[in-house]
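*Asks:* Attaching a single structure in structure tokens format; questions to follow.
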Amino acid sequence: MGSQKDVMELFAERDLRRIFSEYDGWKITPASAALSRGGLYRISRSKWVGEEVAFVAVSFDQVVSDETITALDTIPNGSSAARIKKYLLAPQAANTGGVPPHIRTLLMSSFAFAEGSLIWLTKKKNAKKFMAQNQAAAA
């Protein structure tokens, strides 16, 4: 029997497999988990011009922690042959306003924040649309 964190990681990995499909040649491997509480993944695929590499940090926090951003910033940007892209996977309506612009934000399909609590979006027919707080402040 697994812990709650195991299930949450499985849902995060499912979102990563949806965004970075194996059909398109992406290979997803866990990177050093000590760098980020939610997890850190190395995603890569071979292309005719070289290797395409992305690192994705997973956060389940309502406000993205400095530790998670630092985990991505410590990864070197790579050489000219293999440019490394950096992403953050966060629940819907998480406060991602403090994320630097060189880190792209991806939203989870299974988790969101509502009234300060992390909720699991169990059934798509009952799912609600959540606007990210940094987008809500701009509106």
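Ordered as shown in the structure tokens, chains take letters A, B, and onward, while each chain numbers its residues from 1 and ligands are numbered from 1 in the order shown.
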Quick one: which stretch 47-131 of chain A residues come within 10 Å of stretch 23-30 of chain A, and what is the nearest atom pair for each with the distance in Å to one decimal, counting only C-alpha atoms, rows ordered by chain and ascending number, as JSON lines?
*Replies:*
{"residue": "A:Lys47", "atom": "CA", "partner": "A:Gly25", "partner_atom": "CA", "distance": 8.8}
{"residue": "A:Glu52", "atom": "CA", "partner": "A:Trp26", "partner_atom": "CA", "distance": 8.9}
{"residue": "A:Val53", "atom": "CA", "partner": "A:Trp26", "partner_atom": "CA", "distance": 9.1}
{"residue": "A:Ala54", "atom": "CA", "partner": "A:Ile28", "partner_atom": "CA", "distance": 9.5}
{"residue": "A:Phe55", "atom": "CA", "partner": "A:Ile28", "partner_atom": "CA", "distance": 9.6}
{"residue": "A:Val56", "atom": "CA", "partner": "A:Pro30", "partner_atom": "CA", "distance": 9.5}
*Asks:* Write the residues of the selection above to a file with N, CA and C atoms, as a short mmCIF file (atom, residue, chain, number, x, y, z; two decimals), in the first residue's frame.
*Replies:*
data_model
loop_
_atom_site.label_atom_id
_atom_site.label_comp_id
_atom_site.auth_asym_id
_atom_site.auth_seq_id
_atom_site.Cartn_x
_atom_site.Cartn_y
_atom_site.Cartn_z
N LYS A 47 16.48 14.14 -31.84
CA LYS A 47 16.00 14.75 -33.08
C LYS A 47 17.15 14.69 -34.08
N GLU A 52 16.95 16.95 -27.66
CA GLU A 52 16.11 17.97 -27.04
C GLU A 52 15.89 17.54 -25.59
N VAL A 53 16.22 18.42 -24.64
CA VAL A 53 16.17 18.08 -23.22
C VAL A 53 15.33 19.11 -22.48
N ALA A 54 14.50 18.61 -21.56
CA ALA A 54 13.70 19.49 -20.70
C ALA A 54 13.76 18.96 -19.28
N PHE A 55 13.81 19.85 -18.31
CA PHE A 55 13.72 19.48 -16.91
C PHE A 55 12.42 20.06 -16.37
N VAL A 56 11.67 19.25 -15.64
CA VAL A 56 10.39 19.68 -15.09
C VAL A 56 10.41 19.46 -13.58
#
*Asks:* What separation in Å, quoted to one decimal, exists between atom CA of A:Phe11 and atom CA of A:Phe111?
*Replies:*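 Result for atom CA of A:Phe11 versus atom CA of A:Phe111: 8.7 Å, one decimal.
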*Asks:* Write down as a PyMOL selection string the residues of stretch 18-131 of chain A whose backbone DSSP state falls under strand (DSSP E).
*Replies:* chain A and resi 27-30+40-47+50-58+84-92+103-114+117-120
*Asks:* Store the residues of this selection in a file with C-alpha atoms, as a compact mmCIF listing (two decimals), in the first residue's frame.
*Replies:*
# COMPACT_ATOMS: atom_id res chain seq x y z
CA LYS A 27 11.61 9.65 -22.56
CA ILE A 28 10.75 10.64 -18.98
CA THR A 29 13.13 9.74 -16.16
CA PRO A 30 13.11 10.94 -12.54
CA LEU A 40 12.26 16.66 -10.65
CA TYR A 41 12.14 14.94 -14.03
CA ARG A 42 14.50 14.85 -17.00
CA ILE A 43 12.65 14.56 -20.28
CA SER A 44 14.50 14.04 -23.55
CA ARG A 45 14.14 12.95 -27.13
CA SER A 46 16.49 12.57 -30.06
CA LYS A 47 16.00 14.75 -33.08
CA GLY A 50 20.64 16.65 -31.73
CA GLU A 51 18.98 15.93 -28.43
CA GLU A 52 16.11 17.97 -27.04
CA VAL A 53 16.17 18.08 -23.22
CA ALA A 54 13.70 19.49 -20.70
CA PHE A 55 13.72 19.48 -16.91
CA VAL A 56 10.39 19.68 -15.09
CA ALA A 57 10.03 20.45 -11.38
CA VAL A 58 6.73 19.43 -9.79
CA ILE A 84 17.85 22.75 -22.09
CA LYS A 85 14.30 23.92 -21.44
CA LYS A 86 12.94 24.31 -17.91
CA TYR A 87 9.33 23.85 -16.80
CA LEU A 88 7.30 23.95 -13.60
CA LEU A 89 4.27 21.66 -13.22
CA ALA A 90 1.86 23.17 -10.68
CA PRO A 91 -1.80 22.71 -9.68
CA GLN A 92 -4.42 24.94 -11.26
CA ILE A 103 10.82 28.81 -16.57
CA ARG A 104 7.56 27.93 -18.35
CA THR A 105 4.57 26.99 -16.20
CA LEU A 106 2.45 23.92 -16.97
CA LEU A 107 -0.83 23.32 -15.12
CA MET A 108 -1.93 19.96 -13.74
CA SER A 109 -5.20 18.50 -14.95
CA SER A 110 -5.92 16.54 -11.76
CA PHE A 111 -5.19 19.04 -8.95
CA ALA A 112 -6.25 22.61 -8.21
CA PHE A 113 -6.44 25.01 -5.30
CA ALA A 114 -9.85 26.12 -4.07
CA SER A 117 -6.89 23.88 -0.10
CA LEU A 118 -5.42 21.48 -2.61
CA ILE A 119 -8.26 19.50 -4.17
CA TRP A 120 -8.30 16.51 -6.47
*Asks:* Counting only C-alpha atoms, figure out which residue out of A:Gly38, A:Leu10, A:Arg18, A:Val99 gets nearest to A:Asp73.
*Replies:* A:Val99
*Asks:* Given the choices A:Ile19, A:Ala31, A:Met8, A:Ile75, which gets closest to A:Ser59 if the distance is worked out from only C-alpha atoms?
*Replies:* A:Met8
*Asks:* Go through stretch 55-113 of chain A and collect every residue that DSSP, computed from the backbone, puts in alpha helix (DSSP H); the answer should be as a count of residues only.
*Replies:* 8
